$ cat run-v2.txt   # compact mmCIF, C-alpha atoms
# COMPACT_ATOMS: atom_id res chain seq x y z
CA MET A 1 -107.43 1.40 -24.57
CA SER A 2 -108.86 -1.31 -22.31
CA ARG A 3 -110.67 -0.55 -19.10
CA VAL A 4 -108.58 -0.08 -15.95
CA GLU A 5 -109.69 -2.67 -13.39
CA GLU A 6 -108.43 -4.03 -10.09
CA LEU A 7 -108.25 -7.79 -9.60
CA PRO A 8 -110.92 -9.26 -7.31
CA ASP A 9 -110.05 -11.02 -4.06
CA ASP A 10 -112.34 -13.98 -4.71
CA PHE A 11 -109.55 -16.54 -4.59
CA ASP A 12 -107.61 -15.04 -1.71
CA GLU A 13 -109.49 -17.07 0.89
CA SER A 14 -108.27 -20.42 -0.48
CA LEU A 15 -105.19 -20.63 -2.63
CA HIS A 16 -105.85 -23.46 -5.09
CA LEU A 17 -102.38 -23.63 -6.50
CA ASN A 18 -102.72 -27.26 -7.54
CA GLU A 19 -105.70 -26.78 -9.81
CA ALA A 20 -105.01 -27.08 -13.50
CA PRO A 21 -105.08 -23.67 -15.21
CA ALA A 22 -107.64 -22.93 -17.89
CA VAL A 23 -106.57 -23.98 -21.38
CA PRO A 24 -105.34 -20.90 -23.28
CA ARG A 25 -107.29 -19.99 -26.38
CA ASP A 26 -104.24 -20.28 -28.63
CA LEU A 27 -103.64 -24.00 -27.92
CA PRO A 28 -104.64 -26.55 -30.59
CA GLN A 29 -108.36 -27.29 -30.48
CA PRO A 30 -109.92 -30.78 -30.65
CA GLY A 31 -109.68 -32.20 -34.15
CA PHE A 32 -106.44 -30.40 -34.95
CA ASP A 33 -103.32 -32.56 -35.09
CA ALA A 34 -100.44 -30.41 -33.99
CA PHE A 35 -97.93 -33.10 -34.97
CA ALA A 36 -99.22 -33.81 -38.48
CA ALA A 37 -96.70 -33.71 -41.32
CA SER A 38 -96.23 -30.23 -42.74
CA ASN A 39 -94.51 -28.75 -45.76
CA GLU A 40 -93.35 -25.82 -43.66
CA THR A 41 -89.70 -25.87 -42.61
CA PRO A 42 -88.86 -24.36 -39.19
CA PHE A 43 -85.21 -23.94 -40.29
CA PRO A 44 -83.49 -23.60 -43.67
CA ILE A 45 -82.39 -26.96 -45.11
CA ASN A 46 -78.61 -27.56 -45.35
CA GLU A 47 -78.51 -29.67 -48.52
CA GLU A 48 -74.85 -30.73 -48.08
CA ARG A 49 -75.40 -31.92 -44.53
CA LEU A 50 -78.64 -33.65 -45.58
CA LYS A 51 -76.75 -35.76 -48.11
CA GLU A 52 -74.40 -36.93 -45.32
CA VAL A 53 -77.33 -37.89 -43.10
CA GLN A 54 -79.46 -39.57 -45.80
CA THR A 55 -76.92 -42.16 -46.99
CA ASP A 56 -79.37 -44.66 -48.49
CA PRO A 57 -80.17 -43.49 -52.06
CA THR A 58 -83.16 -45.87 -52.23
CA ALA A 59 -84.82 -44.44 -49.12
CA PRO A 60 -87.75 -42.04 -49.65
CA ASN A 61 -87.11 -38.36 -49.17
CA MET A 62 -87.70 -36.94 -45.72
CA PRO A 63 -90.62 -34.56 -45.19
CA PRO A 64 -89.37 -30.94 -45.46
CA ALA A 65 -89.91 -30.26 -41.74
CA MET A 66 -87.86 -33.31 -40.72
CA ALA A 67 -85.18 -32.55 -43.31
CA SER A 68 -84.78 -29.01 -41.96
CA VAL A 69 -84.03 -30.46 -38.50
CA LYS A 70 -81.88 -33.43 -39.57
CA SER A 71 -79.65 -31.24 -41.76
CA HIS A 72 -78.26 -29.29 -38.78
CA SER A 73 -76.22 -30.18 -35.73
CA ASN A 74 -77.62 -29.74 -32.22
CA ASP A 75 -75.54 -26.60 -31.65
CA GLU A 76 -76.79 -25.11 -34.93
CA LEU A 77 -80.40 -25.87 -34.02
CA LEU A 78 -80.00 -24.27 -30.59
CA ALA A 79 -78.43 -21.18 -32.14
CA MET A 80 -81.29 -20.82 -34.66
CA MET A 81 -83.92 -21.44 -31.98
CA ASN A 82 -82.36 -18.69 -29.87
CA GLN A 83 -83.12 -16.27 -32.71
CA THR A 84 -86.84 -17.06 -32.33
CA PRO A 85 -88.54 -15.03 -29.56
CA LEU A 86 -90.56 -18.03 -28.36
CA PHE A 87 -87.41 -20.08 -27.62
CA MET A 88 -85.01 -17.22 -26.93
CA THR A 89 -82.75 -17.69 -23.90
CA ASP A 90 -79.85 -15.34 -24.71
CA ILE A 91 -80.74 -11.95 -26.20
CA GLU A 92 -77.08 -10.99 -26.73
CA ASN A 93 -76.60 -13.91 -29.11
CA ALA A 94 -80.07 -13.73 -30.70
CA GLY A 95 -78.94 -11.88 -33.83
CA ASP A 96 -77.70 -13.19 -37.14
CA GLU A 97 -74.16 -12.86 -38.42
CA LYS A 98 -74.73 -9.09 -38.64
CA GLY A 99 -76.15 -8.99 -35.13
CA GLU A 100 -79.67 -8.30 -36.42
CA ASN A 101 -82.97 -9.98 -35.55
CA PRO A 102 -85.90 -8.38 -37.42
CA MET A 103 -88.51 -10.47 -35.56
CA LEU A 104 -87.20 -9.43 -32.15
CA ASP A 105 -86.92 -5.81 -33.25
CA ALA A 106 -90.53 -5.88 -34.45
CA LEU A 107 -91.76 -7.32 -31.14
CA THR A 108 -89.76 -4.75 -29.15
CA ALA A 109 -91.14 -1.92 -31.23
CA LEU A 110 -94.67 -3.28 -30.82
CA GLN A 111 -94.15 -3.55 -27.07
CA ASN A 112 -93.20 0.13 -26.84
CA GLU A 113 -95.85 1.37 -29.24
CA GLY A 114 -98.18 4.01 -27.85
CA THR A 115 -97.96 6.32 -24.86
CA ARG A 116 -96.36 5.39 -21.56
CA GLY A 117 -99.84 4.72 -20.22
CA ASP A 118 -100.70 2.50 -23.19
CA VAL A 119 -97.61 0.34 -22.67
CA ALA A 120 -98.07 0.10 -18.89
CA GLN A 121 -101.73 -0.74 -19.42
CA SER A 122 -100.78 -3.51 -21.87
CA PHE A 123 -98.39 -5.11 -19.37
CA LYS A 124 -100.95 -4.80 -16.59
CA ASP A 125 -103.64 -6.45 -18.74
CA GLN A 126 -101.28 -9.31 -19.61
CA GLY A 127 -100.63 -9.72 -15.90
CA ASN A 128 -104.37 -9.92 -15.26
CA GLU A 129 -104.75 -12.63 -17.89
CA ALA A 130 -101.91 -14.63 -16.34
CA VAL A 131 -103.55 -14.32 -12.92
CA GLN A 132 -106.81 -15.70 -14.24
CA GLU A 133 -104.84 -18.79 -15.35
CA LYS A 134 -102.96 -18.83 -12.01
CA ARG A 135 -99.61 -18.32 -13.76
CA TRP A 136 -98.30 -16.35 -10.80
CA ILE A 137 -94.67 -16.03 -11.90
CA ASP A 138 -95.63 -14.73 -15.34
CA ALA A 139 -98.20 -12.38 -13.84
CA LYS A 140 -95.67 -10.99 -11.41
CA GLU A 141 -93.24 -10.28 -14.26
CA PHE A 142 -95.90 -8.45 -16.27
CA TYR A 143 -96.80 -6.24 -13.30
CA THR A 144 -93.11 -5.59 -12.67
CA LYS A 145 -92.73 -4.47 -16.29
CA ALA A 146 -95.75 -2.19 -15.95
CA ILE A 147 -94.22 -0.62 -12.84
CA ALA A 148 -90.86 -0.24 -14.63
CA VAL A 149 -92.56 1.62 -17.48
CA ILE A 150 -94.37 3.92 -15.05
CA TYR A 151 -91.16 4.74 -13.14
CA ALA A 152 -88.81 4.93 -16.16
CA LYS A 153 -86.82 8.17 -16.28
CA ASP A 154 -86.41 8.15 -20.06
CA ASP A 155 -89.68 8.92 -21.85
CA LYS A 156 -89.33 6.99 -25.13
CA TRP A 157 -93.05 6.65 -25.76
CA GLU A 158 -95.53 8.67 -27.80
CA GLU A 159 -96.77 11.99 -26.48
CA PRO A 160 -100.32 11.63 -25.09
CA GLU A 161 -103.13 13.76 -26.48
CA ASP A 162 -104.19 14.82 -23.00
CA ARG A 163 -101.39 14.96 -20.41
CA GLU A 164 -103.82 15.25 -17.49
CA VAL A 165 -105.71 12.14 -18.54
CA GLU A 166 -102.41 10.31 -19.08
CA ASN A 167 -101.12 11.21 -15.61
CA LYS A 168 -104.39 10.08 -14.02
CA LEU A 169 -104.13 6.77 -15.87
CA LEU A 170 -100.51 6.27 -14.78
CA ARG A 171 -101.50 6.99 -11.18
CA GLN A 172 -104.23 4.33 -11.36
CA LEU A 173 -101.95 1.82 -13.06
CA GLU A 174 -99.22 2.38 -10.46
CA GLU A 175 -101.61 1.48 -7.63
CA LEU A 176 -103.13 -1.47 -9.46
CA SER A 177 -99.82 -2.94 -10.58
CA HIS A 178 -98.43 -2.85 -7.05
CA ILE A 179 -101.53 -4.34 -5.39
CA ASN A 180 -101.85 -7.01 -8.09
CA ARG A 181 -98.16 -7.90 -7.80
CA ALA A 182 -98.73 -8.16 -4.05
CA LEU A 183 -101.28 -10.88 -4.81
CA CYS A 184 -98.74 -12.78 -6.93
CA ASN A 185 -96.11 -12.51 -4.20
CA LEU A 186 -98.63 -13.74 -1.64
CA GLU A 187 -99.46 -16.77 -3.78
CA LEU A 188 -95.78 -17.46 -4.46
CA GLY A 189 -94.83 -17.26 -0.79
CA ASN A 190 -92.81 -14.06 -1.23
CA TYR A 191 -94.36 -12.60 1.90
CA ARG A 192 -91.82 -9.86 2.53
CA SER A 193 -92.18 -8.62 -1.07
CA CYS A 194 -95.95 -8.76 -0.69
CA THR A 195 -95.85 -6.42 2.32
CA LEU A 196 -93.60 -3.99 0.43
CA ASP A 197 -96.02 -3.82 -2.51
CA CYS A 198 -98.91 -3.31 -0.09
CA ALA A 199 -97.02 -0.51 1.67
CA THR A 200 -96.44 1.25 -1.65
CA THR A 201 -100.12 0.81 -2.53
CA LEU A 202 -101.22 2.36 0.77
CA LYS A 203 -98.96 5.36 0.20
CA LEU A 204 -100.78 5.89 -3.08
CA ASN A 205 -104.21 5.11 -1.64
CA PRO A 206 -104.58 4.80 2.15
CA LYS A 207 -108.09 3.37 1.66
CA ASN A 208 -107.10 0.39 -0.51
CA VAL A 209 -108.70 -2.44 1.46
CA LYS A 210 -106.99 -5.16 -0.58
CA ALA A 211 -103.60 -3.80 0.50
CA TYR A 212 -104.59 -4.16 4.14
CA TYR A 213 -105.92 -7.65 3.52
CA ARG A 214 -102.93 -8.98 1.56
CA SER A 215 -100.47 -7.34 3.93
CA SER A 216 -102.21 -8.89 6.95
CA MET A 217 -102.13 -12.36 5.37
CA ALA A 218 -98.44 -12.04 4.43
CA LEU A 219 -97.55 -10.81 7.91
CA LEU A 220 -99.49 -13.72 9.41
CA LYS A 221 -97.39 -16.12 7.31
CA LEU A 222 -94.27 -14.37 8.60
CA GLU A 223 -95.50 -14.93 12.18
CA LYS A 224 -95.62 -11.16 12.74
CA ILE A 225 -98.89 -11.44 14.61
CA ALA A 226 -99.03 -7.92 16.06
CA GLU A 227 -98.32 -6.31 12.68
CA ALA A 228 -100.86 -8.58 10.95
CA GLU A 229 -103.49 -7.69 13.54
CA ASP A 230 -102.77 -3.99 13.07
CA ALA A 231 -103.12 -4.27 9.25
CA ALA A 232 -106.44 -6.11 9.53
CA THR A 233 -107.76 -3.61 12.10
CA ARG A 234 -106.84 -0.65 9.90
CA GLY A 235 -108.48 -2.29 6.92
CA LEU A 236 -111.70 -2.94 8.82
CA ALA A 237 -111.71 0.69 9.92
CA VAL A 238 -111.94 1.55 6.23
CA ASP A 239 -114.51 -1.14 5.38
CA SER A 240 -115.98 -2.93 8.39
CA GLU A 241 -118.13 -5.18 6.18
CA ASN A 242 -115.31 -6.55 4.06
CA LYS A 243 -115.63 -10.35 4.21
CA ALA A 244 -112.01 -11.07 3.25
CA LEU A 245 -110.71 -8.81 6.02
CA GLN A 246 -113.14 -10.27 8.53
CA THR A 247 -111.85 -13.74 7.69
CA ALA A 248 -108.24 -12.53 7.93
CA ALA A 249 -108.92 -10.94 11.31
CA SER A 250 -110.46 -14.20 12.52
CA LYS A 251 -107.43 -16.24 11.39
CA ILE A 252 -105.06 -13.76 13.00
CA ALA A 253 -107.02 -13.89 16.26
CA GLU A 254 -106.87 -17.70 16.25
CA ARG A 255 -103.14 -17.69 15.62
CA LYS A 256 -102.59 -15.01 18.26
CA ALA A 257 -104.47 -17.08 20.81
CA ALA A 258 -102.48 -20.19 19.89
CA VAL A 259 -99.19 -18.30 20.20
CA GLU A 260 -100.22 -16.86 23.55
CA ARG A 261 -101.20 -20.32 24.81
CA ALA A 262 -97.85 -21.72 23.68
CA ALA A 263 -96.03 -18.83 25.34
CA ALA A 264 -97.98 -19.38 28.55
CA ARG A 265 -97.14 -23.09 28.53
CA LYS A 266 -93.48 -22.30 27.89
CA LYS A 267 -93.45 -19.75 30.70
CA ALA A 268 -95.14 -22.18 33.08
CA ALA A 269 -92.70 -24.93 32.15
CA ALA A 270 -89.75 -22.58 32.71
CA GLU A 271 -91.13 -21.53 36.07
CA LEU A 272 -91.71 -25.15 37.07
CA GLU A 273 -88.16 -26.06 36.05
CA ARG A 274 -86.80 -23.09 38.02
CA LYS A 275 -88.65 -24.22 41.15
CA GLN A 276 -87.54 -27.84 40.68
CA ASN A 277 -83.92 -26.79 40.27
CA LEU A 278 -84.14 -24.61 43.37
CA VAL A 279 -85.55 -27.47 45.47
CA LEU A 280 -82.99 -29.91 44.06
CA SER A 281 -80.13 -27.51 44.74
CA THR A 282 -81.37 -27.09 48.31
CA ALA A 283 -81.58 -30.88 48.78
CA LEU A 284 -78.02 -31.40 47.46
CA ARG A 285 -76.62 -28.71 49.75
CA ALA A 286 -78.45 -30.18 52.72
CA ARG A 287 -76.75 -33.54 52.00
CA GLU A 288 -73.37 -31.85 51.40
CA ILE A 289 -73.15 -33.37 47.91
CA ARG A 290 -70.86 -31.39 45.59
CA THR A 291 -71.72 -30.95 41.92
CA ARG A 292 -69.91 -29.32 39.02
CA LYS A 293 -70.58 -28.73 35.32
CA THR A 294 -68.02 -28.63 32.54
CA ASN A 295 -68.12 -26.91 29.15
CA GLN A 296 -68.57 -30.26 27.38
CA PRO A 297 -71.12 -32.37 29.25
CA PRO A 298 -71.86 -35.85 27.86
CA GLU A 299 -75.06 -36.49 25.89
CA MET A 300 -77.49 -38.26 28.23
CA GLU A 301 -80.84 -37.41 26.55
CA ASP A 302 -83.34 -36.96 29.40
CA ALA A 303 -81.18 -38.50 32.12
CA ARG A 304 -80.41 -36.04 34.92
CA ILE A 305 -80.28 -35.61 38.70
CA ARG A 306 -83.82 -35.45 39.99
CA LEU A 307 -86.01 -35.72 43.08
CA VAL A 308 -88.53 -38.57 43.13
CA PRO A 309 -91.39 -39.03 43.51
CA ASP A 310 -92.08 -35.27 43.90
CA PRO A 311 -89.57 -32.91 42.22
CA LEU A 312 -90.92 -30.03 44.35
CA SER A 313 -90.49 -31.76 47.69
CA PRO A 314 -87.08 -31.65 49.45
CA GLU A 315 -88.16 -34.79 51.32
CA SER A 316 -88.06 -36.82 48.11
CA SER A 317 -85.11 -39.08 47.33
CA ILE A 318 -82.43 -37.99 44.88
CA GLU A 319 -81.66 -40.15 41.85
CA PHE A 320 -78.45 -39.81 39.83
CA PRO A 321 -77.41 -40.98 36.37
CA ALA A 322 -74.36 -43.19 36.90
CA VAL A 323 -71.75 -44.98 34.87
CA PHE A 324 -69.84 -48.07 35.99
CA LEU A 325 -66.37 -47.92 34.43
CA TYR A 326 -64.26 -51.04 33.97
CA PRO A 327 -60.87 -49.36 33.31
CA MET A 328 -58.85 -52.58 33.13
CA ASP A 329 -60.96 -53.74 30.17
CA ALA A 330 -62.04 -50.40 28.64
CA GLN A 331 -65.74 -51.22 29.12
CA SER A 332 -68.64 -49.43 30.82
CA ASP A 333 -72.31 -49.68 31.82
CA PHE A 334 -74.75 -46.76 32.02
CA ILE A 335 -77.36 -46.60 34.78
CA LYS A 336 -80.05 -44.01 34.16
CA SER A 337 -81.38 -43.82 37.73
CA PHE A 338 -79.20 -44.66 40.76
CA SER A 339 -81.12 -43.80 43.93
CA GLU A 340 -79.21 -42.29 46.82
CA LEU A 341 -80.77 -45.00 49.00
CA SER A 342 -79.39 -47.83 46.84
CA CYS A 343 -75.92 -49.31 47.06
CA ILE A 344 -73.51 -50.39 44.34
CA THR A 345 -74.21 -54.09 44.85
CA ASP A 346 -77.90 -53.50 44.09
CA HIS A 347 -76.85 -52.82 40.50
CA LEU A 348 -73.95 -55.24 40.27
CA ASP A 349 -76.34 -58.07 41.17
CA TYR A 350 -78.23 -57.72 37.88
CA ILE A 351 -75.34 -56.48 35.72
CA PHE A 352 -73.02 -59.42 36.50
CA PRO A 353 -72.00 -61.67 34.87
CA LEU A 354 -70.64 -59.39 32.16
CA PRO A 355 -71.02 -60.80 28.62
CA TRP A 356 -67.48 -59.83 27.64
CA ASP A 357 -65.85 -61.18 30.88
CA THR A 358 -64.46 -64.44 29.45
CA LYS A 359 -62.02 -64.84 32.35
CA LYS A 360 -64.81 -64.58 34.93
CA GLU A 361 -62.91 -61.89 36.84
CA TYR A 362 -65.94 -59.75 37.63
CA THR A 363 -68.11 -61.01 40.48
CA VAL A 364 -69.80 -59.06 43.25
CA ALA A 365 -67.42 -60.51 45.82
CA GLY A 366 -64.36 -60.28 43.55
CA VAL A 367 -64.30 -56.58 42.69
CA GLU A 368 -63.43 -53.32 44.46
CA CYS A 369 -65.09 -49.96 43.75
CA PHE A 370 -63.38 -46.56 43.59
CA MET A 371 -64.33 -42.93 42.97
CA GLN A 372 -62.18 -39.93 42.19
CA THR A 373 -61.91 -37.17 44.79
CA VAL A 374 -62.21 -33.45 44.15
CA THR A 375 -58.42 -33.16 44.12
CA GLY A 376 -57.97 -36.00 41.61
CA GLY A 377 -57.14 -38.75 44.09
CA LEU A 378 -59.09 -41.95 44.79
CA ILE A 379 -61.34 -43.17 47.55
CA LYS A 380 -62.61 -46.70 48.04
CA ALA A 381 -66.37 -46.78 47.72
CA GLY A 382 -68.12 -49.28 49.93
CA LYS A 383 -70.15 -51.62 47.76
CA LYS A 384 -72.87 -52.01 50.40
CA LEU A 385 -73.08 -48.37 51.50
CA PRO A 386 -76.05 -46.25 50.35
CA LEU A 387 -74.92 -43.88 47.61
CA PHE A 388 -75.66 -40.73 49.61
CA GLN A 389 -73.16 -41.85 52.28
CA ILE A 390 -70.45 -42.14 49.61
CA LEU A 391 -71.26 -38.75 48.08
CA THR A 392 -71.88 -36.75 51.26
CA GLY A 393 -69.14 -34.80 52.95
CA GLY A 394 -67.65 -33.12 49.90
CA LYS A 395 -64.69 -35.45 49.21
CA VAL A 396 -66.08 -36.49 45.83
CA GLU A 397 -68.15 -34.49 43.36
CA VAL A 398 -70.77 -35.30 40.77
CA VAL A 399 -69.51 -33.88 37.45
CA ASP A 400 -72.05 -33.02 34.75
CA GLU A 401 -74.80 -34.74 36.79
CA MET A 402 -73.08 -38.12 36.36
CA VAL A 403 -71.84 -40.37 39.19
CA ARG A 404 -68.71 -42.20 38.01
CA ILE A 405 -67.68 -45.42 39.75
CA PHE A 406 -64.63 -47.53 38.82
CA ILE A 407 -65.13 -51.30 39.09
CA VAL A 408 -61.84 -53.22 39.32
CA PRO A 409 -61.11 -56.93 39.93
CA THR A 410 -59.51 -57.31 43.36
CA ALA A 411 -56.38 -58.87 41.86
CA LYS A 412 -55.81 -55.81 39.67
CA THR A 413 -56.49 -53.01 42.15
CA GLY A 414 -52.76 -52.40 42.70
CA ALA A 415 -52.15 -51.87 39.00
CA PHE A 416 -55.20 -49.62 38.72
CA ILE A 417 -54.17 -47.42 41.69
CA ALA A 418 -50.64 -47.09 40.33
CA GLU A 419 -51.97 -46.08 36.92
CA MET A 420 -54.28 -43.43 38.41
CA LYS A 421 -51.43 -41.99 40.51
CA ALA A 422 -49.25 -41.82 37.42
CA ARG A 423 -51.96 -39.90 35.57
CA LYS A 424 -52.33 -37.46 38.45
CA THR A 425 -48.61 -36.71 38.73
CA GLY A 426 -48.13 -36.72 34.95
$ encode --input "run-v2.txt" --output "structure tokens"
Amino acid sequence: MSRVEELPDDFDESLHLNEAPAVPRDLPQPGFDAFAASNETPFPINEERLKEVQTDPTAPNMPPAMASVKSHSNDELLAMMNQTPLFMTDIENAGDEKGENPMLDALTALQNEGTRGDVAQSFKDQGNEAVQEKRWIDAKEFYTKAIAVIYAKDDKWEEPEDREVENKLLRQLEELSHINRALCNLELGNYRSCTLDCATTLKLNPKNVKAYYRSSMALLKLEKIAEAEDAATRGLAVDSENKALQTAASKIAERKAAVERAAARKKAAAELERKQNLVLSTALRAREIRTRKTNQPPEMEDARIRLVPDPLSPESSIEFPAVFLYPMDAQSDFIKSFSELSCITDHLDYIFPLPWDTKKEYTVAGVECFMQTVTGGLIKAGKKLPLFQILTGGKVEVVDEMVRIFIVPTAKTGAFIAEMKARKTG
């Protein structure tokens, strides 16, 4: 029986997942041609099918290995490959016509040969070999099989010579298989599973420093900073000189500080926004400007009602997002910042002429401006009045932080007013 050993934590500090694994000993060595012609046949040759494939009687005979492949259909080849453990994908259909597979039966028997401890040890050792080659998925499966053998209710293995020694071995293997599988889960990004394996390990051995380390790193990845800090602290209480845990504790402290700084910035930003909103609300009430929000406000990115130049000073001027609507032509213009001190003509001067106004109906002197009242009616908005004079008094309201102004050619104001009245009554 091989020696029971726990995997080292040497590679835990930097996970080099992209490095090429070591070349297994069973791969072809330099000087050996794995693809050289061979007289061995991987499958039995179907002579009748081979005659159908090799139609030219003057052609040389195929090498036996090629003939064994060419004499079968793809489905037949897949079925025969499935009977070979190396290529097996479906155990239920891995038998022959009698449902038997001697090679698979031999491997299964070999796998279960020995005591429960022998079999669990074998799986654990195979897991260790896979870890050394950084084959994390394979390693995880081997450790899982070792754990399954240890926990199996049915004892189908050989009786050990010394039950006390066997139980001690199983207890060691249980701890090692869980902590080694925790390493695989950590490398694979299965952080929740890693913490569960570490928790099981610590139930078996509360002084397993690797369990504290791997748990702290997994919890850090899960952004569970307090739990990660606790795991690292407990581990250092067991071994204060452990370099891996010291590094983990340092990383956790750095992340904790970064999270706290981000939380502080977020809190400060929220507090600043609260104060700005309070000052803005006070300024709007002082000017008797009504505002209202709906359940479906328009998307305006960062455009909003604001005080400038100082959002915290009620003496600042208020700027509004605004939209000029041209209802008689189904067109519009968006104005991101319309100061309460500006008038409508200040914006019409640079917006006109309109590129789509082929009839030249829209001029500063040739249009009238309207706004809807709180009750759904219309008021005429003076083009040369400062915006705050139009909004003050409570007759109109700013909905969803947007000032809406209708721009209508003077000749069409009658039709526009009639249409708006019809909408209100309808």
$ residues_around --input "run-v2.txt" --residues "Ala67 of chain A" --least-positions-apart "6" --cutoff "10 Å" --atoms "only C-alpha atoms" --output "mmCIF file with C-alpha atoms, in the frame of the given file"
data_model
loop_
_atom_site.group_PDB
_atom_site.id
_atom_site.type_symbol
_atom_site.label_atom_id
_atom_site.label_comp_id
_atom_site.auth_asym_id
_atom_site.auth_seq_id
_atom_site.Cartn_x
_atom_site.Cartn_y
_atom_site.Cartn_z
ATOM 1 C CA THR A 41 -89.700 -25.870 -42.610
ATOM 2 C CA PRO A 42 -88.860 -24.360 -39.190
ATOM 3 C CA PHE A 43 -85.210 -23.940 -40.290
ATOM 4 C CA PRO A 44 -83.490 -23.600 -43.670
ATOM 5 C CA ILE A 45 -82.390 -26.960 -45.110
ATOM 6 C CA ASN A 46 -78.610 -27.560 -45.350
ATOM 7 C CA GLU A 47 -78.510 -29.670 -48.520
ATOM 8 C CA ARG A 49 -75.400 -31.920 -44.530
ATOM 9 C CA LEU A 50 -78.640 -33.650 -45.580
ATOM 10 C CA VAL A 53 -77.330 -37.890 -43.100
ATOM 11 C CA GLN A 54 -79.460 -39.570 -45.800
ATOM 12 C CA ASN A 61 -87.110 -38.360 -49.170
#
$ atom_distance --input "run-v2.txt" --atom1 "atom CA of Ala199 of chain A" --atom2 "atom CA of Val149 of chain A"
19.8 Å
$ residues_around --input "run-v2.txt" --residues "Glu223 of chain A" --least-positions-apart "4" --cutoff "12 Å" --atoms "all atoms listed in the file" --output "list in words"
Tyr191, Arg192, Ser216, Met217, Ala218, Leu219, Glu227, Ala228, Glu229, Ile252, Arg255, Lys256, Ala258 and Val259 of chain A
$ residues_around --input "run-v2.txt" --residues "Ile405 of chain A" --least-positions-apart "4" --cutoff "7 Å" --atoms "all atoms listed in the file" --output "ChimeraX atom specification"
/A:323-325,369-371
$ residues_near_point --input "run-v2.txt" --point "(-85.6, -35.2, 56.5)" --cutoff "12 Å" --atoms "only C-alpha atoms" --output "MDAnalysis selection string"
chainID A and resid 283 286:287 313:317
$ atom_distance --input "run-v2.txt" --atom1 "atom CA of Asn180 of chain A" --atom2 "atom CA of Ala211 of chain A"
9.3 Å
$ closest_residue --input "run-v2.txt" --among "A:Ile417, A:Leu202, A:Leu278, A:Val209" --to "Ala248 of chain A" --atoms "only C-alpha atoms"
A:Val209
$ residues_around --input "run-v2.txt" --residues "segment 115-125 of chain A" --least-positions-apart "5" --cutoff "12 Å" --atoms "all atoms listed in the file" --output "ChimeraX atom specification"
/A:1-7,108-110,130-132,138-181
$ closest_residue --input "run-v2.txt" --among "A:Thr392, A:Ser193, A:Thr375, A:Thr282" --to "Lys421 of chain A" --atoms "only C-alpha atoms"
A:Thr375
$ atom_distance --input "run-v2.txt" --atom1 "atom CA of Thr201 of chain A" --atom2 "atom CA of Gln246 of chain A"
20.4 Å
$ residues_near_point --input "run-v2.txt" --point "(-72.6, -32.5, 50.0)" --cutoff "12 Å" --atoms "only C-alpha atoms" --output "compact mmCIF listing (two decimals) with C-alpha atoms, keeping the file's coordinate frame"
# COMPACT_ATOMS: atom_id res chain seq x y z
CA SER A 281 -80.13 -27.51 44.74
CA THR A 282 -81.37 -27.09 48.31
CA ALA A 283 -81.58 -30.88 48.78
CA LEU A 284 -78.02 -31.40 47.46
CA ARG A 285 -76.62 -28.71 49.75
CA ALA A 286 -78.45 -30.18 52.72
CA ARG A 287 -76.75 -33.54 52.00
CA GLU A 288 -73.37 -31.85 51.40
CA ILE A 289 -73.15 -33.37 47.91
CA ARG A 290 -70.86 -31.39 45.59
CA THR A 291 -71.72 -30.95 41.92
CA ARG A 292 -69.91 -29.32 39.02
CA VAL A 374 -62.21 -33.45 44.15
CA LEU A 387 -74.92 -43.88 47.61
CA PHE A 388 -75.66 -40.73 49.61
CA GLN A 389 -73.16 -41.85 52.28
CA ILE A 390 -70.45 -42.14 49.61
CA LEU A 391 -71.26 -38.75 48.08
CA THR A 392 -71.88 -36.75 51.26
CA GLY A 393 -69.14 -34.80 52.95
CA GLY A 394 -67.65 -33.12 49.90
CA LYS A 395 -64.69 -35.45 49.21
CA VAL A 396 -66.08 -36.49 45.83
CA GLU A 397 -68.15 -34.49 43.36
CA VAL A 398 -70.77 -35.30 40.77
$ closest_residue --input "run-v2.txt" --among "A:Asn190, A:Gln296, A:Thr200, A:Ser240" --to "Leu222 of chain A" --atoms "only C-alpha atoms"
A:Asn190
$ closest_residue --input "run-v2.txt" --among "A:Ala381, A:Leu236, A:Met328, A:Ile335" --to "Asp357 of chain A" --atoms "all atoms listed in the file"
A:Met328
$ build_atoms --input "run-v2.txt" --residues "segment 303-308 of chain A" --atoms "N, CA and C atoms" --output "mmCIF file, in the coordinates of the input"
data_model
loop_
_atom_site.group_PDB
_atom_site.id
_atom_site.type_symbol
_atom_site.label_atom_id
_atom_site.label_comp_id
_atom_site.auth_asym_id
_atom_site.auth_seq_id
_atom_site.Cartn_x
_atom_site.Cartn_y
_atom_site.Cartn_z
ATOM 1 N N ALA A 303 -81.721 -38.079 30.834
ATOM 2 C CA ALA A 303 -81.180 -38.500 32.120
ATOM 3 C C ALA A 303 -80.581 -37.302 32.858
ATOM 4 N N ARG A 304 -80.928 -37.157 34.137
ATOM 5 C CA ARG A 304 -80.410 -36.040 34.920
ATOM 6 C C ARG A 304 -80.659 -36.312 36.400
ATOM 7 N N ILE A 305 -80.010 -35.514 37.262
ATOM 8 C CA ILE A 305 -80.280 -35.610 38.700
ATOM 9 C C ILE A 305 -81.690 -35.109 38.959
ATOM 10 N N ARG A 306 -82.445 -35.852 39.740
ATOM 11 C CA ARG A 306 -83.820 -35.450 39.990
ATOM 12 C C ARG A 306 -84.308 -35.970 41.343
ATOM 13 N N LEU A 307 -85.343 -35.300 41.855
ATOM 14 C CA LEU A 307 -86.010 -35.720 43.080
ATOM 15 C C LEU A 307 -87.237 -36.559 42.718
ATOM 16 N N VAL A 308 -87.374 -37.703 43.372
ATOM 17 C CA VAL A 308 -88.530 -38.570 43.130
ATOM 18 C C VAL A 308 -89.124 -38.996 44.495
#
